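Novice: work08.cif is the file, holding mmCIF, C-alpha atoms:
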```cif
data_model
loop_
_atom_site.label_atom_id
_atom_site.label_comp_id
_atom_site.auth_asym_id
_atom_site.auth_seq_id
_atom_site.Cartn_x
_atom_site.Cartn_y
_atom_site.Cartn_z
CA MET A 27 -111.42 125.47 53.72
CA SER A 28 -114.92 125.69 52.34
CA SER A 29 -118.00 123.78 53.53
CA SER A 30 -121.63 123.11 52.71
CA THR A 31 -124.44 120.88 53.89
CA THR A 32 -125.20 118.92 50.74
CA GLU A 33 -126.66 115.43 50.90
CA THR A 34 -124.05 112.69 51.23
CA THR A 35 -124.66 109.35 49.53
CA SER A 36 -122.06 106.81 50.53
CA PRO A 37 -120.94 103.73 48.56
CA HIS A 38 -122.84 101.77 51.22
CA GLY A 39 -126.19 103.39 50.49
CA PHE A 40 -126.05 105.63 53.56
CA SER A 41 -127.85 108.87 52.65
CA LEU A 42 -128.42 111.86 54.94
CA GLU A 43 -127.89 115.61 54.97
CA GLY A 44 -124.26 116.59 55.68
CA GLU A 45 -124.22 117.30 59.42
CA ALA A 46 -126.81 114.62 60.20
CA TYR A 47 -124.69 112.12 58.26
CA VAL A 48 -121.57 113.09 60.20
CA GLU A 49 -123.33 112.71 63.56
CA ALA A 50 -124.73 109.32 62.51
CA ILE A 51 -121.23 108.03 61.67
CA ILE A 52 -119.69 109.46 64.84
CA GLU A 53 -122.46 107.84 66.90
CA ARG A 54 -121.58 104.48 65.37
CA TYR A 55 -117.97 105.06 66.43
CA ARG A 56 -119.24 105.69 69.95
CA GLN A 57 -121.40 102.57 69.93
CA TYR A 58 -119.37 100.08 67.93
CA VAL A 59 -115.79 101.21 67.22
CA ASN A 60 -114.07 103.16 70.01
CA PRO A 61 -115.88 105.80 72.12
CA GLY A 62 -112.63 107.21 73.51
CA LEU A 63 -111.26 107.69 70.00
CA ALA A 64 -114.46 109.44 68.96
CA ARG A 65 -114.07 111.92 71.84
CA LEU A 66 -110.40 112.49 71.06
CA MET A 67 -111.01 113.16 67.36
CA GLN A 68 -113.83 115.59 68.04
CA PHE A 69 -111.81 117.39 70.71
CA GLY A 70 -108.91 117.72 68.25
CA GLY A 71 -111.09 119.40 65.66
CA PHE A 72 -111.58 116.39 63.37
CA GLY A 73 -115.27 115.78 63.94
CA ASP A 74 -116.13 115.18 60.29
CA VAL A 75 -116.20 112.18 57.92
CA GLU A 76 -113.78 111.84 55.01
CA VAL A 77 -115.65 110.92 51.83
CA SER A 78 -113.20 111.43 48.95
CA ALA A 79 -109.65 112.44 48.17
CA GLY A 80 -107.38 113.14 45.23
CA GLY A 81 -103.78 114.24 44.98
CA CYS A 82 -103.01 116.26 48.13
CA VAL A 83 -106.62 117.23 48.91
CA LEU A 84 -109.15 115.44 51.10
CA THR A 85 -112.90 116.24 51.11
CA THR A 86 -115.28 115.61 54.01
CA ALA A 87 -119.01 115.01 54.26
CA THR A 88 -119.74 118.65 55.07
CA GLY A 89 -118.01 119.72 51.86
CA ALA A 90 -114.84 120.95 53.57
CA LYS A 91 -111.60 120.53 51.63
CA TYR A 92 -108.28 119.96 53.41
CA LEU A 93 -104.72 120.08 52.20
CA ASP A 94 -103.25 116.82 53.50
CA PHE A 95 -99.90 117.55 55.16
CA LEU A 96 -100.00 114.36 57.23
CA GLY A 97 -100.15 112.02 54.25
CA GLY A 98 -101.40 109.02 56.21
CA TYR A 99 -98.17 109.04 58.26
CA GLY A 100 -96.26 108.34 55.05
CA VAL A 101 -98.84 106.20 53.23
CA PHE A 102 -99.80 108.71 50.52
CA SER A 103 -96.36 109.43 49.07
CA VAL A 104 -97.73 109.37 45.50
CA GLY A 105 -100.87 111.20 46.63
CA HIS A 106 -104.44 110.07 47.11
CA ARG A 107 -105.87 107.92 44.33
CA HIS A 108 -102.99 108.31 41.90
CA PRO A 109 -104.52 107.38 38.51
CA LYS A 110 -101.75 104.94 37.60
CA VAL A 111 -102.04 103.03 40.88
CA VAL A 112 -105.85 102.97 40.77
CA GLU A 113 -105.79 101.74 37.17
CA ALA A 114 -103.33 98.95 38.01
CA VAL A 115 -105.50 97.76 40.91
CA HIS A 116 -108.64 97.92 38.75
CA ARG A 117 -106.97 95.77 36.09
CA GLN A 118 -105.91 93.21 38.68
CA LEU A 119 -109.34 93.29 40.35
CA ASP A 120 -111.01 92.38 37.07
CA ARG A 121 -108.73 89.37 36.61
CA LEU A 122 -107.69 87.90 39.97
CA PRO A 123 -108.24 89.88 43.20
CA LEU A 124 -106.80 87.29 45.60
CA SER A 125 -104.50 84.35 45.07
CA ALA A 126 -105.63 80.75 45.44
CA ARG A 127 -102.23 80.24 47.14
CA THR A 128 -101.54 77.10 45.11
CA PHE A 129 -99.88 78.54 41.96
CA PHE A 130 -97.29 81.20 41.27
CA CYS A 131 -98.35 84.88 41.38
CA GLU A 132 -97.05 87.14 38.60
CA ALA A 133 -97.49 90.45 40.46
CA GLN A 134 -95.65 89.15 43.54
CA ALA A 135 -92.72 87.90 41.48
CA LEU A 136 -92.39 91.17 39.57
CA LEU A 137 -92.63 93.34 42.69
CA ALA A 138 -90.00 91.26 44.51
CA GLU A 139 -87.73 91.65 41.48
CA GLN A 140 -88.14 95.43 41.50
CA LEU A 141 -87.41 95.66 45.22
CA ALA A 142 -84.25 93.56 44.78
CA ARG A 143 -83.18 95.96 42.03
CA LEU A 144 -83.88 99.13 44.02
CA THR A 145 -82.81 98.27 47.56
CA PRO A 146 -79.17 98.73 48.60
CA GLY A 147 -76.40 96.17 48.86
CA SER A 148 -77.19 92.48 48.49
CA LEU A 149 -80.79 92.63 49.70
CA GLN A 150 -82.59 90.27 47.33
CA PHE A 151 -85.44 88.15 48.70
CA THR A 152 -88.76 89.58 49.91
CA PHE A 153 -91.44 88.23 52.21
CA PHE A 154 -94.70 90.12 51.72
CA SER A 155 -97.20 90.87 54.46
CA ASN A 156 -99.99 93.40 55.01
CA SER A 157 -98.52 96.11 57.25
CA GLY A 158 -95.42 97.58 58.79
CA THR A 159 -95.84 95.80 62.10
CA GLU A 160 -96.11 92.46 60.29
CA ALA A 161 -92.98 93.30 58.32
CA VAL A 162 -91.13 93.91 61.60
CA GLU A 163 -92.51 90.69 63.12
CA ALA A 164 -91.07 88.77 60.17
CA ALA A 165 -87.72 90.55 60.51
CA LEU A 166 -87.41 89.67 64.20
CA LYS A 167 -88.25 86.02 63.55
CA MET A 168 -85.77 85.92 60.69
CA ALA A 169 -83.01 87.37 62.85
CA ARG A 170 -83.57 84.76 65.55
CA VAL A 171 -83.44 81.85 63.13
CA ALA A 172 -80.55 83.21 61.07
CA THR A 173 -78.31 83.85 64.08
CA GLY A 174 -79.51 81.27 66.59
CA ARG A 175 -79.64 84.12 69.14
CA THR A 176 -82.61 85.64 70.96
CA GLN A 177 -81.59 89.11 72.16
CA PHE A 178 -82.35 92.42 70.43
CA VAL A 179 -81.20 96.00 70.83
CA SER A 180 -83.51 98.88 69.95
CA ALA A 181 -83.58 102.62 70.56
CA GLU A 182 -85.44 104.66 73.13
CA GLY A 183 -88.26 106.59 71.50
CA SER A 184 -88.45 104.18 68.59
CA TYR A 185 -91.66 102.92 67.03
CA HIS A 186 -91.86 99.60 65.17
CA GLY A 187 -95.53 98.63 65.57
CA LYS A 188 -97.94 97.30 68.15
CA SER A 189 -98.17 93.56 67.59
CA MET A 190 -96.39 91.55 70.30
CA GLY A 191 -92.96 91.25 68.71
CA SER A 192 -92.81 94.70 67.16
CA LEU A 193 -94.17 96.25 70.35
CA SER A 194 -91.42 94.50 72.29
CA VAL A 195 -88.80 96.50 70.35
CA THR A 196 -90.80 99.75 70.40
CA GLY A 197 -89.06 102.24 72.67
CA ARG A 198 -91.85 103.73 74.74
CA GLU A 199 -92.93 102.08 77.98
CA LYS A 200 -96.40 103.66 77.86
CA TYR A 201 -97.39 101.32 75.04
CA ARG A 202 -95.44 98.26 76.23
CA LYS A 203 -96.44 98.23 79.90
CA PRO A 204 -100.13 97.17 79.55
CA PHE A 205 -99.15 94.08 77.54
CA GLU A 206 -96.19 92.80 79.54
CA PRO A 207 -94.65 90.30 79.66
CA LEU A 208 -93.62 90.82 76.06
CA VAL A 209 -90.91 89.09 74.04
CA PRO A 210 -87.91 88.85 76.41
CA GLY A 211 -84.33 89.81 75.74
CA VAL A 212 -84.81 93.35 74.41
CA SER A 213 -82.66 96.24 75.61
CA PHE A 214 -83.02 99.92 74.73
CA VAL A 215 -80.32 102.54 74.26
CA PRO A 216 -80.52 106.28 73.52
CA TYR A 217 -80.89 106.98 69.81
CA ASN A 218 -77.82 108.49 68.12
CA ASP A 219 -75.56 107.37 71.00
CA VAL A 220 -72.83 105.22 69.41
CA GLU A 221 -71.10 104.39 72.70
CA ALA A 222 -74.32 103.17 74.30
CA LEU A 223 -75.10 101.04 71.25
CA ALA A 224 -71.62 99.51 71.25
CA ALA A 225 -71.93 98.64 74.94
CA ALA A 226 -75.34 97.02 74.48
CA VAL A 227 -74.54 94.79 71.49
CA THR A 228 -72.85 91.54 72.51
CA SER A 229 -72.15 88.08 71.15
CA GLU A 230 -75.68 87.16 72.31
CA THR A 231 -77.41 89.83 70.22
CA ALA A 232 -79.44 88.55 67.28
CA ALA A 233 -80.03 91.99 65.78
CA VAL A 234 -80.08 95.73 66.24
CA ILE A 235 -83.24 97.38 64.89
CA LEU A 236 -83.19 101.09 64.04
CA GLU A 237 -85.12 103.71 62.11
CA THR A 238 -83.19 106.10 59.88
CA ILE A 239 -85.44 108.86 61.22
CA GLN A 240 -87.38 108.23 64.40
CA GLY A 241 -90.91 109.07 63.26
CA GLU A 242 -93.10 108.66 66.32
CA GLY A 243 -90.12 109.59 68.49
CA GLY A 244 -90.44 113.17 67.25
CA ILE A 245 -88.92 113.19 63.73
CA ILE A 246 -85.35 112.70 64.89
CA PRO A 247 -82.88 111.99 62.05
CA ALA A 248 -79.88 109.76 62.53
CA LYS A 249 -76.78 111.86 63.09
CA PRO A 250 -74.05 111.61 60.44
CA GLY A 251 -72.08 108.43 61.01
CA TYR A 252 -74.57 106.80 63.39
CA LEU A 253 -75.95 104.21 60.96
CA ALA A 254 -72.46 103.44 59.66
CA ALA A 255 -71.30 102.92 63.24
CA ALA A 256 -74.28 100.62 63.89
CA ARG A 257 -73.27 98.59 60.83
CA GLU A 258 -69.71 98.23 62.11
CA ILE A 259 -70.85 97.33 65.64
CA CYS A 260 -73.16 94.60 64.33
CA ASP A 261 -70.44 93.17 62.08
CA ARG A 262 -67.99 93.10 64.98
CA GLN A 263 -70.38 91.11 67.19
CA GLY A 264 -71.90 88.92 64.49
CA ALA A 265 -75.32 90.53 64.92
CA LEU A 266 -77.67 91.52 62.13
CA LEU A 267 -78.70 95.08 61.35
CA ILE A 268 -82.43 95.51 60.75
CA VAL A 269 -83.37 98.90 59.34
CA ASP A 270 -87.03 99.86 59.66
CA GLU A 271 -87.85 101.94 56.56
CA VAL A 272 -91.62 101.54 56.92
CA GLN A 273 -92.07 105.31 57.12
CA THR A 274 -88.82 106.61 55.61
CA GLY A 275 -88.58 104.35 52.58
CA LEU A 276 -89.37 105.08 48.92
CA GLY A 277 -88.37 108.71 48.67
CA ARG A 278 -89.77 110.24 51.84
CA THR A 279 -86.41 111.61 53.06
CA GLY A 280 -85.14 112.91 49.72
CA ALA A 281 -83.34 109.62 49.02
CA LEU A 282 -84.96 106.41 47.84
CA PHE A 283 -84.20 104.86 51.24
CA GLY A 284 -83.09 106.52 54.45
CA VAL A 285 -79.93 104.38 54.59
CA ASP A 286 -78.87 105.79 51.21
CA HIS A 287 -77.86 109.06 52.88
CA GLU A 288 -74.93 107.17 54.44
CA GLY A 289 -74.51 104.32 51.97
CA VAL A 290 -75.27 101.76 54.66
CA CYS A 291 -76.54 98.30 53.67
CA PRO A 292 -78.67 96.49 56.25
CA ASP A 293 -79.05 92.73 56.53
CA ILE A 294 -82.83 93.05 56.70
CA MET A 295 -85.03 95.98 55.66
CA THR A 296 -88.73 96.50 56.35
CA LEU A 297 -91.09 98.49 54.12
CA ALA A 298 -94.82 99.27 54.10
CA LYS A 299 -96.90 102.49 53.99
CA ALA A 300 -95.89 104.14 50.66
CA LEU A 301 -95.31 100.76 49.00
CA GLY A 302 -99.07 100.35 48.53
CA GLY A 303 -99.33 103.53 46.51
CA GLY A 304 -101.95 104.94 48.87
CA VAL A 305 -104.46 102.38 47.55
CA MET A 306 -103.64 98.97 49.09
CA PRO A 307 -102.04 97.89 52.40
CA ILE A 308 -98.79 95.96 51.99
CA GLY A 309 -95.68 95.20 54.02
CA ALA A 310 -92.33 93.81 52.89
CA THR A 311 -89.36 92.25 54.67
CA ILE A 312 -86.27 92.07 52.47
CA ALA A 313 -83.11 90.15 53.33
CA THR A 314 -79.85 88.91 51.85
CA PRO A 315 -79.42 85.43 50.28
CA PRO A 316 -77.36 83.96 53.15
CA ILE A 317 -79.99 84.99 55.69
CA TRP A 318 -82.80 83.68 53.50
CA GLU A 319 -81.11 80.32 53.13
CA ARG A 320 -80.75 79.95 56.90
CA ILE A 321 -84.43 80.76 57.40
CA PHE A 322 -86.19 79.03 54.53
CA GLY A 323 -83.56 76.59 53.25
CA GLU A 324 -85.01 73.57 55.02
CA ASN A 325 -88.63 74.72 55.30
CA PRO A 326 -89.88 77.31 52.76
CA LEU A 327 -93.13 77.53 54.75
CA LEU A 328 -91.50 78.43 58.06
CA HIS A 329 -93.16 81.86 57.98
CA THR A 330 -96.27 82.47 55.87
CA SER A 331 -99.20 84.86 55.40
CA THR A 332 -102.59 84.13 53.84
CA PHE A 333 -103.05 87.60 52.41
CA GLY A 334 -99.41 88.66 52.19
CA GLY A 335 -98.27 89.25 48.62
CA ASN A 336 -101.81 89.20 47.28
CA PRO A 337 -102.22 90.24 43.62
CA LEU A 338 -104.07 93.49 44.35
CA ALA A 339 -101.47 94.77 46.81
CA CYS A 340 -98.55 93.76 44.60
CA ALA A 341 -100.15 95.41 41.56
CA ALA A 342 -100.43 98.61 43.61
CA GLY A 343 -96.81 98.26 44.72
CA LEU A 344 -95.53 97.86 41.18
CA ALA A 345 -97.46 100.93 40.03
CA ALA A 346 -96.27 102.96 43.04
CA LEU A 347 -92.62 102.18 42.28
CA GLU A 348 -93.15 103.23 38.67
CA VAL A 349 -94.74 106.52 39.71
CA ILE A 350 -91.96 107.31 42.19
CA GLN A 351 -89.34 106.84 39.48
CA GLU A 352 -91.20 108.32 36.50
CA GLU A 353 -92.29 111.46 38.37
CA ASN A 354 -88.88 111.93 40.02
CA LEU A 355 -90.49 112.03 43.45
CA VAL A 356 -87.25 111.47 45.35
CA GLN A 357 -85.81 114.72 43.99
CA ARG A 358 -89.14 116.50 44.42
CA ALA A 359 -89.21 115.43 48.08
CA ALA A 360 -85.75 116.92 48.57
CA GLU A 361 -86.67 120.20 46.88
CA ARG A 362 -90.05 120.71 48.54
CA GLY A 363 -88.51 119.62 51.84
CA GLU A 364 -85.94 122.41 51.64
CA GLN A 365 -88.74 124.90 50.94
CA LEU A 366 -90.81 123.62 53.86
CA LEU A 367 -87.89 123.58 56.31
CA ALA A 368 -86.90 127.13 55.39
CA GLY A 369 -90.46 128.40 55.83
CA LEU A 370 -90.91 126.66 59.17
CA ARG A 371 -87.61 128.01 60.48
CA ALA A 372 -88.72 131.52 59.55
CA VAL A 373 -91.83 131.00 61.69
CA GLN A 374 -89.62 129.61 64.47
CA LYS A 375 -87.69 132.90 64.58
CA GLU A 376 -90.94 134.84 64.70
CA ALA A 377 -92.30 132.65 67.51
CA GLY A 378 -89.32 133.16 69.77
CA GLY A 379 -88.76 130.37 72.30
CA ALA A 380 -92.21 128.82 71.79
CA ILE A 381 -90.82 126.68 68.97
CA THR A 382 -87.65 124.96 70.13
CA GLU A 383 -86.57 123.15 66.96
CA VAL A 384 -87.48 122.45 63.34
CA ARG A 385 -85.84 119.28 62.00
CA GLY A 386 -86.16 116.53 59.44
CA ARG A 387 -85.15 115.39 55.99
CA GLY A 388 -86.99 115.62 52.70
CA LEU A 389 -90.71 115.69 53.38
CA MET A 390 -90.52 114.13 56.84
CA ILE A 391 -90.35 117.17 59.10
CA GLY A 392 -91.05 117.80 62.76
CA VAL A 393 -91.68 121.07 64.61
CA GLU A 394 -91.07 120.85 68.34
CA PHE A 395 -92.85 123.27 70.68
CA ALA A 396 -91.78 124.11 74.21
CA VAL A 397 -95.30 123.36 75.48
CA LYS A 398 -97.46 120.42 74.41
CA ASP A 399 -100.68 122.44 74.60
CA VAL A 400 -99.38 124.90 72.01
CA ALA A 401 -98.65 122.03 69.61
CA GLU A 402 -102.19 120.68 70.07
CA LEU A 403 -103.76 124.10 69.59
CA THR A 404 -101.64 124.64 66.47
CA ILE A 405 -102.85 121.38 64.93
CA ASN A 406 -106.43 122.44 65.67
CA GLY A 407 -105.81 125.89 64.19
CA MET A 408 -104.31 124.41 61.05
CA ALA A 409 -107.35 122.19 60.62
CA ARG A 410 -109.62 125.23 60.90
CA ARG A 411 -107.56 126.76 58.10
CA GLY A 412 -107.89 123.67 55.92
CA VAL A 413 -104.54 121.93 56.51
CA ILE A 414 -104.15 118.52 58.17
CA ALA A 415 -101.24 117.75 60.49
CA ALA A 416 -100.75 115.65 63.65
CA TYR A 417 -98.40 115.20 66.59
CA THR A 418 -95.91 112.34 66.92
CA LEU A 419 -97.06 109.43 69.07
CA ASN A 420 -94.06 109.29 71.39
CA ASN A 421 -93.58 113.06 71.68
CA PRO A 422 -96.78 115.12 71.58
CA LYS A 423 -94.76 118.36 71.64
CA VAL A 424 -93.82 117.66 68.01
CA ILE A 425 -96.05 118.38 65.03
CA ARG A 426 -95.24 116.17 62.06
CA LEU A 427 -95.52 117.36 58.46
CA GLU A 428 -95.43 114.55 55.88
CA PRO A 429 -97.32 115.65 52.76
CA PRO A 430 -97.47 113.54 49.59
CA LEU A 431 -94.26 113.78 47.59
CA ILE A 432 -96.28 115.20 44.70
CA VAL A 433 -97.01 118.36 46.72
CA THR A 434 -96.47 121.61 44.79
CA ALA A 435 -94.53 124.70 45.82
CA GLU A 436 -97.83 126.62 45.99
CA GLN A 437 -99.34 124.01 48.32
CA VAL A 438 -96.28 124.20 50.56
CA ASP A 439 -96.75 127.95 50.77
CA THR A 440 -100.43 127.47 51.66
CA ALA A 441 -99.52 125.06 54.46
CA LEU A 442 -96.82 127.40 55.76
CA SER A 443 -99.28 130.27 55.91
CA ALA A 444 -101.78 128.12 57.84
CA PHE A 445 -99.06 126.90 60.20
CA ARG A 446 -97.80 130.41 60.88
CA GLU A 447 -101.25 131.80 61.65
CA ALA A 448 -102.23 128.80 63.79
CA ALA A 449 -98.96 128.70 65.73
CA LEU A 450 -98.89 132.42 66.51
CA GLU A 451 -102.57 132.29 67.48
CA ALA A 452 -101.94 129.34 69.82
CA ILE A 453 -98.91 131.01 71.41
CA SER A 454 -100.85 134.23 71.95
CA LEU A 455 -103.82 132.36 73.40
CA LEU A 456 -101.71 130.43 75.89
CA GLU A 457 -99.83 133.56 76.92
CA GLY A 458 -103.18 135.29 77.47
CA LEU A 459 -104.42 132.44 79.66
CA GLU A 460 -101.23 132.50 81.73
CA GLU A 461 -101.61 136.25 82.29
CA THR A 462 -105.24 135.74 83.34
CA VAL A 463 -104.24 133.07 85.88
CA GLU A 464 -101.49 135.26 87.29
#
```
Turn this file's structure into C-alpha cells for me.
Specialist:
Amino acid sequence: MSSSTTETTSPHGFSLEGEAYVEAIIERYRQYVNPGLARLMQFGGFGDVEVSAGGCVLTTATGAKYLDFLGGYGVFSVGHRHPKVVEAVHRQLDRLPLSARTFFCEAQALLAEQLARLTPGSLQFTFFSNSGTEAVEAALKMARVATGRTQFVSAEGSYHGKSMGSLSVTGREKYRKPFEPLVPGVSFVPYNDVEALAAAVTSETAAVILETIQGEGGIIPAKPGYLAAAREICDRQGALLIVDEVQTGLGRTGALFGVDHEGVCPDIMTLAKALGGGVMPIGATIATPPIWERIFGENPLLHTSTFGGNPLACAAGLAALEVIQEENLVQRAAERGEQLLAGLRAVQKEAGGAITEVRGRGLMIGVEFAVKDVAELTINGMARRGVIAAYTLNNPKVIRLEPPLIVTAEQVDTALSAFREAALEAISLLEGLEETVE
C-alpha cells in the first residue's frame, strides 16, 4: 500500500488536499448519513474515501492502493470497471438510459433469454428488480400465489436481505427482532440438517428457501446431498424450492451456479450482485413456466417495479454474462480458489488453534478464528498491508475472502502474504495482552 497527499478533485467539484478531503467526507457521514457507521469504519481501519478502481485494485483519496479481496460481497466478479461492461452501459446511456415503461425493452428481452439459456432445469421466465433483497421479495410472493400456501422454511444463520419479507426469512434474530412483527409463518431449521428440514416442511409449506453456501452465516457450504434432499422433501410435500444465488451465482463457487455442484434444479432462483457486472445494480427472480402462469396468467401486472429491468442495468447484465463466459471465469474461480484455500490452510497450521477452520468453494472462502477479536485485528492488519477483507455479518469470527474472479495467481499470493502477517501479528498481540492481564 502506498499513499500520498495529492489534491483530490471529485466528479462533484469537491476539491481539497487529500487528508482534508477525507475528513470533510467523513464529517458529512457523521452529520447526514450515519454517525455510528462512520465510527465503525474508522475504528476498523477504513477511514479513507474510495475515489477510483480498476480490475482488482481500489484507490483512495490519500493515494493508497488496495487489493480488493472482498469484491463488494460478490458484486465485482468481473472486476471493477470491466471495459466491456462499461462500454455497454455507455452505449445504452447515449441512447436510452431508462425505459418509458410503455414499449418493449430490447436489453431486458435479451438478458432474460440469456438467463433462461444458462440457468438449470426448466427455469425460463425472469422478473427483474434492483437488488438481491427485492429478488427474494418477489420469490416469496410468487411462492405464495403459486401454491396458495403461506408458510416458509428457512435456515438458521441464513441471510436473504433486510426488507420486510426477505428479513422474515433471514436466520438471525438480531436483525429480525427490532422490526417484529414480521411476515408470519416462517420457521427456521439448522442448515445442512436433512432430518430437521424434513420435519419442518409440511403440506402447509409454500416454499423452502436456501443458500447453496451460507454467506453471512460464515461461508458454510451445503454438505453433499443436502440440496438434493431439500429438492426431494419439497417435491414430496408439494412445496417449492427457492434457491438464493444472489451471492453464489455466476461463477463465484467454481460452477456457474451453486446448485450445479449437485445438479439440483430449483423452482425459483434469485440472482443479483455479479449480474450487474460491477457497474449497475440489478436483481433477478427466475421461475418455471407453470409457476409463472399461476402468478401472472390472469394479471401480468401483479408484481411490478418502476426501475426493475431498466435498459442500463440489463445492458450491464448482458455484458457481464459475456465476460464470464468469454474469459472462462468459472474455471478461473475454481483454480484460484484451490490456490487460495491451500495457502490459507498452510497459515492455519502455522497459527495452531487460533484458526479453527478454512472452508468454502471457488472464490467464496471463509476463515474462522477461535476469538472474534483476532478476526477483527486481522482484517485491520490486512488493510494496513493493502488488502481488503471483511467479516461475515452473522458470524464475526469468520473473515470472508471473495476477490473478483479475474484475480491472478500473483495477486492471490500477495493477499496470502498479507493475511499471514496480519493473522500472526493479531494472534501474538492478543496473547501478549492476555499475559499482561494475568
Novice: Taking all atoms listed in the file into account, name the residue in A:Gly386, A:Pro146, A:Leu366, A:Asp270 that is nearest to A:Pro247.
Specialist: A:Gly386
Novice: Pick out the residues sitting within 10 Å of A:Leu389, and hand them over as JSON, numbers by chain; count all atoms listed in the file, and ignore anything fewer than 6 positions along from it in its own chain.
Specialist: {"A": [95, 100, 103, 274, 277, 278, 279, 280, 356, 358, 359, 360, 361, 362, 363, 364, 365, 366, 367, 426, 427, 428, 429, 430, 431, 433]}
Novice: Using the chain letters and numbering of this document, enumerate as an MDAnalysis selection string the residues selected by the PyMOL selection byres ((chain A and resi 275) around 12).
Specialist: chainID A and resid 100:101 103 141 144:146 158 237:239 241 269:274 276:287 295:302 309:310 347 350 356 359 388:390
Novice: Residues picked by the PyMOL selection byres ((chain A and resi 200) around 12) here, as an MDAnalysis selection string?
Specialist: chainID A and resid 182:183 185 188 193:194 196:199 201:206 419:421
Novice: Between atom CA of A:Pro337 and atom CA of A:Thr311, what distance in Å does the model show, to one decimal?
Specialist: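 Distance reported for this atom pair: 17.1 Å.
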